[in-house]
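Participant: I have a structure here, written as structure tokens, and I will follow up with some questions on it.
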Amino acid sequence: MATSFLQVENLTKSYGDRMLFRDVTFGVYEGDKIGIIAKNGTGKSTLLSIIAGKESADSGNITFHNGLRVGYLEQTPAFIPGTTVMDACLDGDSDMCRAISKYESALASGDESAINEAVHLMDSTSAWEYEDRVKQMLSQLGIHDVTARMETLSGGQAKRVAMARVILGNPELIILDEPTNHLDIDTIEWLENYLTRSRATLLMVTHDRYFLDRVTNHIIELDREQMYAYDGNYEYYLRRRQERIEAMSAELSKVKNTLRKEQEWMRRQPQARAGKAKYRIDAFYDLKKRSQVNMREDNVDLNVKSSYIGSKIFEAAGICKRYGDKVILNDFNYTFARYERLGIIGHNGVGKSTFIKMLQGIVAPDSGEWNVGETVRFGYYSQEGIAFNENKRVIDAITEIADDIVVNEGVRYSPMQFLTHFLFSPADQQKYIHTLSGGEKARLHLASVLMRSPNFLILDEPTNDLDIVTLGLLEEYLGQFKGCLIVISHDRFFLDSIVDHIFVLEGDGEVRDFPGNYSDYRHWLDERGQAPSEPKENRTKEDTRQKRERDANKMTFKERREFEQLTADIDALNEEKSKLDALFNSGGEIDDIMAKSARYEEIKSVLDEKEMRWLELSEKS
């Protein structure tokens with residue numbers, strides 16, 4: 001039987017009169033990989049935060065297995081200002097962590113005396129292997145400068161450092177809150193593969209449907225303040241959820257039919273007559289309560305049509321843009337067709353957002369021009385989020401844009417009526433924007449874009465804070481949208497659902513136009529045995545020179561295999577030595593003490609030889 005890692009019992013949480021979840025109970029067992037699904041505002045992130053000990057519940061109990069190592073990735077990780085990447089990954093008070101931190105600081109200072117002292121400290125704490133592991137993990141996640149200050153990193157880079165910190169802690173249970181937000185597709189796929197292969201138990205919240213489908217083996221759904229568990233991945237969950245809803249609807253129909261008959265009986269019987277069966281009266285009130293279950297799905301209504309768009313959309317002629325040595329576009333030319341649906345992908349920092357800002361005139365190109373058609377009306381959902389004053393109420397923010405909203409060829413809405421289509425009740429509309437959850441802000445942002453009836457939608461990372469249900473409805477809306485579309489997204493399912501072709505920004509100003517969706521592009525790469533390349537803007541002349549220098553002192557394949565074997569041998573010998581130490585220090589009688597003593601001396605001798613060779617090889621990159 002699998003070991004119980006975590007038990008959550010009768011957990012309840014509310015904010016004022018707003019109930020997030022009530023009496024949530026579930027267990028997490030060794031080997032589980034659980035995804036939590038719920039609509040925005042139902043407390044998914046709050047649930048994880050309570051389990052991780054960052055927030056308190058109104059009631060209920062959380063019990064971890066004794067000694068369990070737990071890693072927690074917050075949705076927006078926080079770091080102490082001035083912390084370097086290496087310090088952020090170590091994030092510990094052990095002798096090893098202090099030694100590595102001191103060594104990296106000494107290297108950065110160039111002080112030979114400090115370096116020598118730090119080297120001795122690294123030797124005495126056996127910290128070399130761990131430092132190598134930290135740098136290797138960061139490199140796999142695309143972080144190469146371990147001395148960079150955390151406040152200088154982008155949101156995606158900071159998320160990757162936080163992910164490395166969690167993984168390096170070697171947790172038995174990993175808790176992840178929206179791990180794919182702000183990551184590029186290649187990093188998401190690396191993380192997906194890592195978690196699929198990892199033996200670690202997993203509890204996470206994510207809206208990435210491919211990620212859920214490929215990583216999870218259990219789904220927990222929070223719906224109408226209740227919890228439902230499904231033993232399977234996301235695809236299995238979708239089938240079983242539909243069956244559950246259909247069964248509940250059928251049951252509700254039966255309950256209402258029975259209730260009508262019982263109501264007639266209740267009216268016919270004198271209220272005070274003792275002969276009326278008490279059990280039947282109790283059953284009537286139970287039926288009445290069960291009949292009040294609300295099976296209505298509160299979904300965002302995206303029934304907003306585009307305005308007319310002419311045949312001329314835009315032409316890009318000789319567009320060039322760079323920031324210092326970083327080239328975004330180099331002599332880019334393109335004619336955008338009517339009703340075209342374009343996805344844009346590329347590594348973080350390659351210039352995807354700059355591309356669409358230049359198209360709209362928000363950022364000026366260095367040379368060249370964008371010729372935009374006269375009928376084009378942009379609707380821009382920006383990655384930066386809402387530009388509203390967060391101290392305003394929701395209704396006031398929308399009213400400032402328009403007092404009268406005209407959509408669908410003349411249908412008029414007041415701001416209050418329009419907001420109800422995006423699940424903002426009259427009470428929610430009186431909330432201050434700064435009190436909204438990330439998902440609620442995303443819905444408000446989407447409402448502010450669509451209320452203008454654009455005919456050219458530009459969506460920059462729209463999937464970051466929208467829940468799965470809203471994403472599905474947005475995909476359905478975009479499928480019927482009679483206009484043009486450009487979308488930047490790391491959500492592979494979203495791209496596959498809505499785009500006709502893809503611009504791959506490869507760096508150094510190069511743009512590959514691929515005819516097909518993301519899965520088509522990935523299949524094309526796989527057929528050629530290629531992986532998405534590193535951004536070319538990162539491979540400057542200085543990088544090339546440094547690479548040549550590194551290659552001159554790089555392990556050969558044979559040496560790498562030897563290094564890996566040495567690492568395994570040293571670990572095994574140290575473990576055997578520790579067991580003998582414990583045996584000798586136990587004070588009890590020892591069988592074959594002469595043989596064990598001889599073995600102990602042999603281990604020490606072999607360790608010395610292997611560690612010397614390991615250090616020689618570790619000096620090579």
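Ordering of the structure tokens sets the chain letters (A, B, ...), residue numbers begin anew at 1 in every chain, and ligands are numbered from 1 in the order given.
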Just want the 8 Å neighbourhood of Cys89 (chain A), counted on only C-alpha atoms, with same-chain residues fewer than 2 positions away dropped. Output as a list in words.

Facilitator: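 The neighbour list is Val85, Met86, Asp87, Asp91, Val134, Val161, Ala162, Ala164, Arg165 and Leu168 of chain A.
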
Participant: Keeping only N, CA and C atoms, write the selected residues as a JSON list (two decimals), in the first residue's frame.

Facilitator:
```json
[["chain", "number", "residue", "atom", "x", "y", "z"],
["A", 85, "VAL", "N", 21.48, 34.95, -8.17],
["A", 85, "VAL", "CA", 20.83, 33.72, -8.62],
["A", 85, "VAL", "C", 21.32, 32.53, -7.80],
["A", 86, "MET", "N", 22.64, 32.44, -7.58],
["A", 86, "MET", "CA", 23.20, 31.33, -6.82],
["A", 86, "MET", "C", 22.67, 31.33, -5.39],
["A", 87, "ASP", "N", 22.66, 32.52, -4.75],
["A", 87, "ASP", "CA", 22.16, 32.62, -3.37],
["A", 87, "ASP", "C", 20.69, 32.19, -3.30],
["A", 91, "ASP", "N", 19.61, 29.18, -0.77],
["A", 91, "ASP", "CA", 18.51, 29.49, 0.15],
["A", 91, "ASP", "C", 18.50, 28.57, 1.37],
["A", 134, "VAL", "N", 23.87, 22.60, -8.98],
["A", 134, "VAL", "CA", 23.10, 23.84, -9.06],
["A", 134, "VAL", "C", 23.27, 24.48, -10.43],
["A", 161, "VAL", "N", 14.38, 30.34, -11.89],
["A", 161, "VAL", "CA", 15.26, 30.23, -10.73],
["A", 161, "VAL", "C", 14.51, 29.62, -9.55],
["A", 162, "ALA", "N", 13.26, 30.07, -9.35],
["A", 162, "ALA", "CA", 12.44, 29.52, -8.26],
["A", 162, "ALA", "C", 12.19, 28.04, -8.48],
["A", 164, "ALA", "N", 14.18, 25.96, -10.12],
["A", 164, "ALA", "CA", 15.45, 25.28, -9.83],
["A", 164, "ALA", "C", 15.62, 25.12, -8.32],
["A", 165, "ARG", "N", 15.29, 26.15, -7.56],
["A", 165, "ARG", "CA", 15.42, 26.09, -6.10],
["A", 165, "ARG", "C", 14.57, 24.97, -5.51],
["A", 168, "LEU", "N", 16.10, 21.50, -6.63],
["A", 168, "LEU", "CA", 17.39, 21.22, -5.98],
["A", 168, "LEU", "C", 17.22, 20.81, -4.52]]
```

Participant: Give me, as a PDB file with N, CA and C atoms, in the first residue's frame, the residues of region 21-74 of chain A that a backbone DSSP run labels helix (DSSP H, G or I).

Facilitator:
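Once everything was written out, this is part-v2.pdb:
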```
ATOM      1  N   LYS A  44      -8.146  28.082  -5.657  1.00  0.00           N
ATOM      2  CA  LYS A  44      -7.122  27.074  -5.954  1.00  0.00           C
ATOM      3  C   LYS A  44      -5.778  27.451  -5.331  1.00  0.00           C
ATOM      4  N   SER A  45      -5.324  28.674  -5.610  1.00  0.00           N
ATOM      5  CA  SER A  45      -4.032  29.122  -5.080  1.00  0.00           C
ATOM      6  C   SER A  45      -4.078  29.240  -3.566  1.00  0.00           C
ATOM      7  N   THR A  46      -5.219  29.662  -3.042  1.00  0.00           N
ATOM      8  CA  THR A  46      -5.366  29.766  -1.580  1.00  0.00           C
ATOM      9  C   THR A  46      -5.241  28.393  -0.932  1.00  0.00           C
ATOM     10  N   LEU A  47      -5.836  27.374  -1.566  1.00  0.00           N
ATOM     11  CA  LEU A  47      -5.748  26.010  -1.040  1.00  0.00           C
ATOM     12  C   LEU A  47      -4.292  25.560  -0.955  1.00  0.00           C
ATOM     13  N   LEU A  48      -3.521  25.788  -2.032  1.00  0.00           N
ATOM     14  CA  LEU A  48      -2.113  25.399  -2.019  1.00  0.00           C
ATOM     15  C   LEU A  48      -1.331  26.187  -0.974  1.00  0.00           C
ATOM     16  N   SER A  49      -1.650  27.470  -0.850  1.00  0.00           N
ATOM     17  CA  SER A  49      -0.957  28.317   0.121  1.00  0.00           C
ATOM     18  C   SER A  49      -1.220  27.854   1.551  1.00  0.00           C
ATOM     19  N   ILE A  50      -2.436  27.404   1.813  1.00  0.00           N
ATOM     20  CA  ILE A  50      -2.772  26.885   3.151  1.00  0.00           C
ATOM     21  C   ILE A  50      -2.019  25.583   3.408  1.00  0.00           C
ATOM     22  N   ILE A  51      -2.008  24.702   2.419  1.00  0.00           N
ATOM     23  CA  ILE A  51      -1.299  23.429   2.578  1.00  0.00           C
ATOM     24  C   ILE A  51       0.192  23.668   2.812  1.00  0.00           C
TER      25      ILE A  51
END
```

Participant: With only C-alpha atoms as the basis for distance, which of A:Ala158, A:Leu450, A:Val504, A:Ile433 is at the shortest distance from Leu183 (chain A)?

Facilitator: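 The answer is A:Ala158, which sits nearest to Leu183 (chain A).
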
Participant: Counting only C-alpha atoms, what is within 8 Å of region 154-156 of chain A, bar same-chain residues fewer than 4 positions away, as a list in words?

Facilitator: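 The residues that qualify are Arg160, Asn181, His182, Leu183, Asp184 and Asn348 of chain A.
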
Participant: Which value, in Å to one decimal, gives the distance between CA of Asp403 (chain A) and CA of Phe378 (chain A)?

Facilitator: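 Between CA of Asp403 (chain A) and CA of Phe378 (chain A) the gap is 20.2 Å.
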
Participant: Skip Lys604 (chain A) itself and residues of its chain fewer than 3 positions away, then list as a PyMOL selection string all residues within 12 Å of it, counting only C-alpha atoms.

Facilitator: chain A and resi 570+573-578+580-581+597-601+607-611

Participant: Please produce a file of the residues just selected, as an mmCIF file, in the first residue's frame, where the atoms kept are C-alpha atoms.

Facilitator:
```cif
data_model
loop_
_atom_site.group_PDB
_atom_site.id
_atom_site.type_symbol
_atom_site.label_atom_id
_atom_site.label_comp_id
_atom_site.auth_asym_id
_atom_site.auth_seq_id
_atom_site.Cartn_x
_atom_site.Cartn_y
_atom_site.Cartn_z
ATOM 1 C CA ILE A 570 32.228 8.085 -4.159
ATOM 2 C CA LEU A 573 31.854 4.409 -0.621
ATOM 3 C CA ASN A 574 30.824 7.311 1.639
ATOM 4 C CA GLU A 575 27.600 5.529 2.490
ATOM 5 C CA GLU A 576 29.506 2.319 3.353
ATOM 6 C CA LYS A 577 32.026 4.320 5.417
ATOM 7 C CA SER A 578 29.188 6.044 7.342
ATOM 8 C CA LEU A 580 30.981 1.387 9.508
ATOM 9 C CA ASP A 581 31.458 4.591 11.540
ATOM 10 C CA SER A 597 38.579 -2.563 10.204
ATOM 11 C CA ALA A 598 40.602 -3.647 7.194
ATOM 12 C CA ARG A 599 37.683 -2.762 4.918
ATOM 13 C CA TYR A 600 37.392 0.657 6.609
ATOM 14 C CA GLU A 601 41.059 1.458 5.844
ATOM 15 C CA LEU A 607 38.131 7.365 -1.527
ATOM 16 C CA ASP A 608 41.304 9.464 -1.489
ATOM 17 C CA GLU A 609 42.267 8.217 -4.950
ATOM 18 C CA LYS A 610 38.822 8.627 -6.457
ATOM 19 C CA GLU A 611 38.246 12.075 -4.933
#
```

Participant: Would you mind listing what lies within 9 Å of Glu374 (chain A) as JSON, numbers by chain, with only C-alpha atoms counted and same-chain residues fewer than 2 positions away left out?

Facilitator: {"A": [309, 310, 312, 313, 372, 376, 377]}

Participant: Please dump the current selection as a compact mmCIF listing (two decimals), in the first residue's frame; keep C-alpha atoms.

Facilitator:
```
# COMPACT_ATOMS: atom_id res chain seq x y z
CA ILE A 309 -12.74 44.79 -41.76
CA GLY A 310 -11.57 45.64 -45.28
CA LYS A 312 -6.15 45.62 -46.66
CA ILE A 313 -4.88 44.64 -43.21
CA VAL A 372 -2.14 49.47 -41.65
CA VAL A 376 -8.51 47.96 -38.94
CA ARG A 377 -9.63 48.35 -35.33
```

Participant: Could you check how far CA of His207 (chain A) sits from CA of Thr470 (chain A), in Å to one decimal?

Facilitator: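 Computing the Euclidean distance for CA of His207 (chain A) and CA of Thr470 (chain A) yields 10.1 Å.
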
Participant: Tell me which protein, DNA and RNA residues are within 10 Å of Asn170 (chain A), counting only C-alpha atoms, leaving out same-chain ones fewer than 2 positions away, and put them as a PDB file with N, CA and C atoms, in the first residue's frame.

Facilitator:
```pdb
ATOM      1  N   ARG A  69       9.939  15.805   3.026  1.00  0.00           N
ATOM      2  CA  ARG A  69      10.562  16.982   2.402  1.00  0.00           C
ATOM      3  C   ARG A  69       9.571  17.549   1.380  1.00  0.00           C
ATOM      4  N   VAL A  70       9.199  18.813   1.564  1.00  0.00           N
ATOM      5  CA  VAL A  70       8.181  19.446   0.728  1.00  0.00           C
ATOM      6  C   VAL A  70       8.791  20.655   0.018  1.00  0.00           C
ATOM      7  N   GLY A  71       8.589  20.751  -1.291  1.00  0.00           N
ATOM      8  CA  GLY A  71       8.992  21.920  -2.067  1.00  0.00           C
ATOM      9  C   GLY A  71       7.763  22.649  -2.568  1.00  0.00           C
ATOM     10  N   ARG A 165      15.292  26.145  -7.557  1.00  0.00           N
ATOM     11  CA  ARG A 165      15.424  26.092  -6.097  1.00  0.00           C
ATOM     12  C   ARG A 165      14.570  24.972  -5.508  1.00  0.00           C
ATOM     13  N   VAL A 166      13.355  24.828  -6.034  1.00  0.00           N
ATOM     14  CA  VAL A 166      12.463  23.772  -5.543  1.00  0.00           C
ATOM     15  C   VAL A 166      13.027  22.390  -5.871  1.00  0.00           C
ATOM     16  N   ILE A 167      13.441  22.194  -7.119  1.00  0.00           N
ATOM     17  CA  ILE A 167      13.919  20.878  -7.558  1.00  0.00           C
ATOM     18  C   ILE A 167      15.209  20.499  -6.825  1.00  0.00           C
ATOM     19  N   LEU A 168      16.100  21.496  -6.627  1.00  0.00           N
ATOM     20  CA  LEU A 168      17.388  21.217  -5.980  1.00  0.00           C
ATOM     21  C   LEU A 168      17.222  20.806  -4.521  1.00  0.00           C
ATOM     22  N   GLU A 172      10.266  15.320  -1.644  1.00  0.00           N
ATOM     23  CA  GLU A 172       9.475  14.117  -1.906  1.00  0.00           C
ATOM     24  C   GLU A 172       8.076  14.499  -2.386  1.00  0.00           C
ATOM     25  N   LEU A 173       7.596  15.653  -1.943  1.00  0.00           N
ATOM     26  CA  LEU A 173       6.303  16.200  -2.384  1.00  0.00           C
ATOM     27  C   LEU A 173       6.544  17.596  -2.939  1.00  0.00           C
ATOM     28  N   ILE A 174       6.161  17.813  -4.205  1.00  0.00           N
ATOM     29  CA  ILE A 174       6.317  19.119  -4.846  1.00  0.00           C
ATOM     30  C   ILE A 174       4.936  19.754  -5.011  1.00  0.00           C
ATOM     31  N   ALA A 200       9.120  12.030  -7.701  1.00  0.00           N
ATOM     32  CA  ALA A 200       8.510  12.908  -6.697  1.00  0.00           C
ATOM     33  C   ALA A 200       6.993  12.910  -6.842  1.00  0.00           C
TER      34      ALA A 200
END
```

Participant: DSSP says strand (DSSP E or B) for which residues of region 358-443 of chain A? Put them as a PDB file with C-alpha atoms, in the first residue's frame?

Facilitator:
```pdb
ATOM      1  CA  SER A 367      13.656  51.827 -39.964  1.00  0.00           C
ATOM      2  CA  GLY A 368      10.940  50.616 -42.314  1.00  0.00           C
ATOM      3  CA  GLU A 369       7.207  51.128 -41.942  1.00  0.00           C
ATOM      4  CA  TRP A 370       3.945  49.390 -41.124  1.00  0.00           C
ATOM      5  CA  ASN A 371       1.095  50.247 -43.518  1.00  0.00           C
ATOM      6  CA  VAL A 372      -2.135  49.467 -41.652  1.00  0.00           C
ATOM      7  CA  PHE A 378      -7.147  46.762 -32.927  1.00  0.00           C
ATOM      8  CA  GLY A 379      -8.142  45.047 -29.719  1.00  0.00           C
ATOM      9  CA  TYR A 380      -5.018  44.525 -27.600  1.00  0.00           C
ATOM     10  CA  TYR A 381      -4.881  42.153 -24.626  1.00  0.00           C
ATOM     11  CA  ARG A 393     -14.284  50.190  -8.548  1.00  0.00           C
ATOM     12  CA  ILE A 405     -21.575  49.765 -25.188  1.00  0.00           C
ATOM     13  CA  VAL A 406     -22.710  48.848 -28.715  1.00  0.00           C
ATOM     14  CA  VAL A 407     -21.966  45.310 -29.940  1.00  0.00           C
ATOM     15  CA  VAL A 411     -27.204  45.669 -29.576  1.00  0.00           C
ATOM     16  CA  ARG A 412     -26.670  48.091 -26.702  1.00  0.00           C
ATOM     17  CA  TYR A 413     -25.559  47.362 -23.145  1.00  0.00           C
ATOM     18  CA  TYR A 432     -12.075  47.799  -5.898  1.00  0.00           C
TER      19      TYR A 432
END
```

Participant: Could you jot down the CA of Ala78 (chain A) to CA of Glu178 (chain A) separation for me, Å, one decimal place?

Facilitator: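 Calculated distance between CA of Ala78 (chain A) and CA of Glu178 (chain A) is 14.7 Å.
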
Participant: Applying 12 Å and only C-alpha atoms, which residues near Val205 (chain A) remain after dropping the ones on its own chain fewer than 5 positions away? List them as number ranges by chain.

Facilitator: A: 33-40, 43-49, 72-75, 174-181, 211-212, 216, 219-222, 465, 467-468

Participant: Pick from A:Gly53, A:Thr63, A:Val215, A:Asp331: nearest to Arg197 (chain A), with only C-alpha atoms counted?

Facilitator: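 The closest residue to Arg197 (chain A) is A:Val215.
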
Participant: Pick the closest to Lys102 (chain A) from A:Ile395, A:Leu485, A:Leu436, A:Ile115: which is it, counting only C-alpha atoms?

Facilitator: A:Ile115

Participant: Find the residue from A:Arg528, A:Lys441, A:His490, A:Lys596 that sits nearest to Arg209 (chain A); use only C-alpha atoms when measuring.

Facilitator: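 Closest candidate: A:His490.
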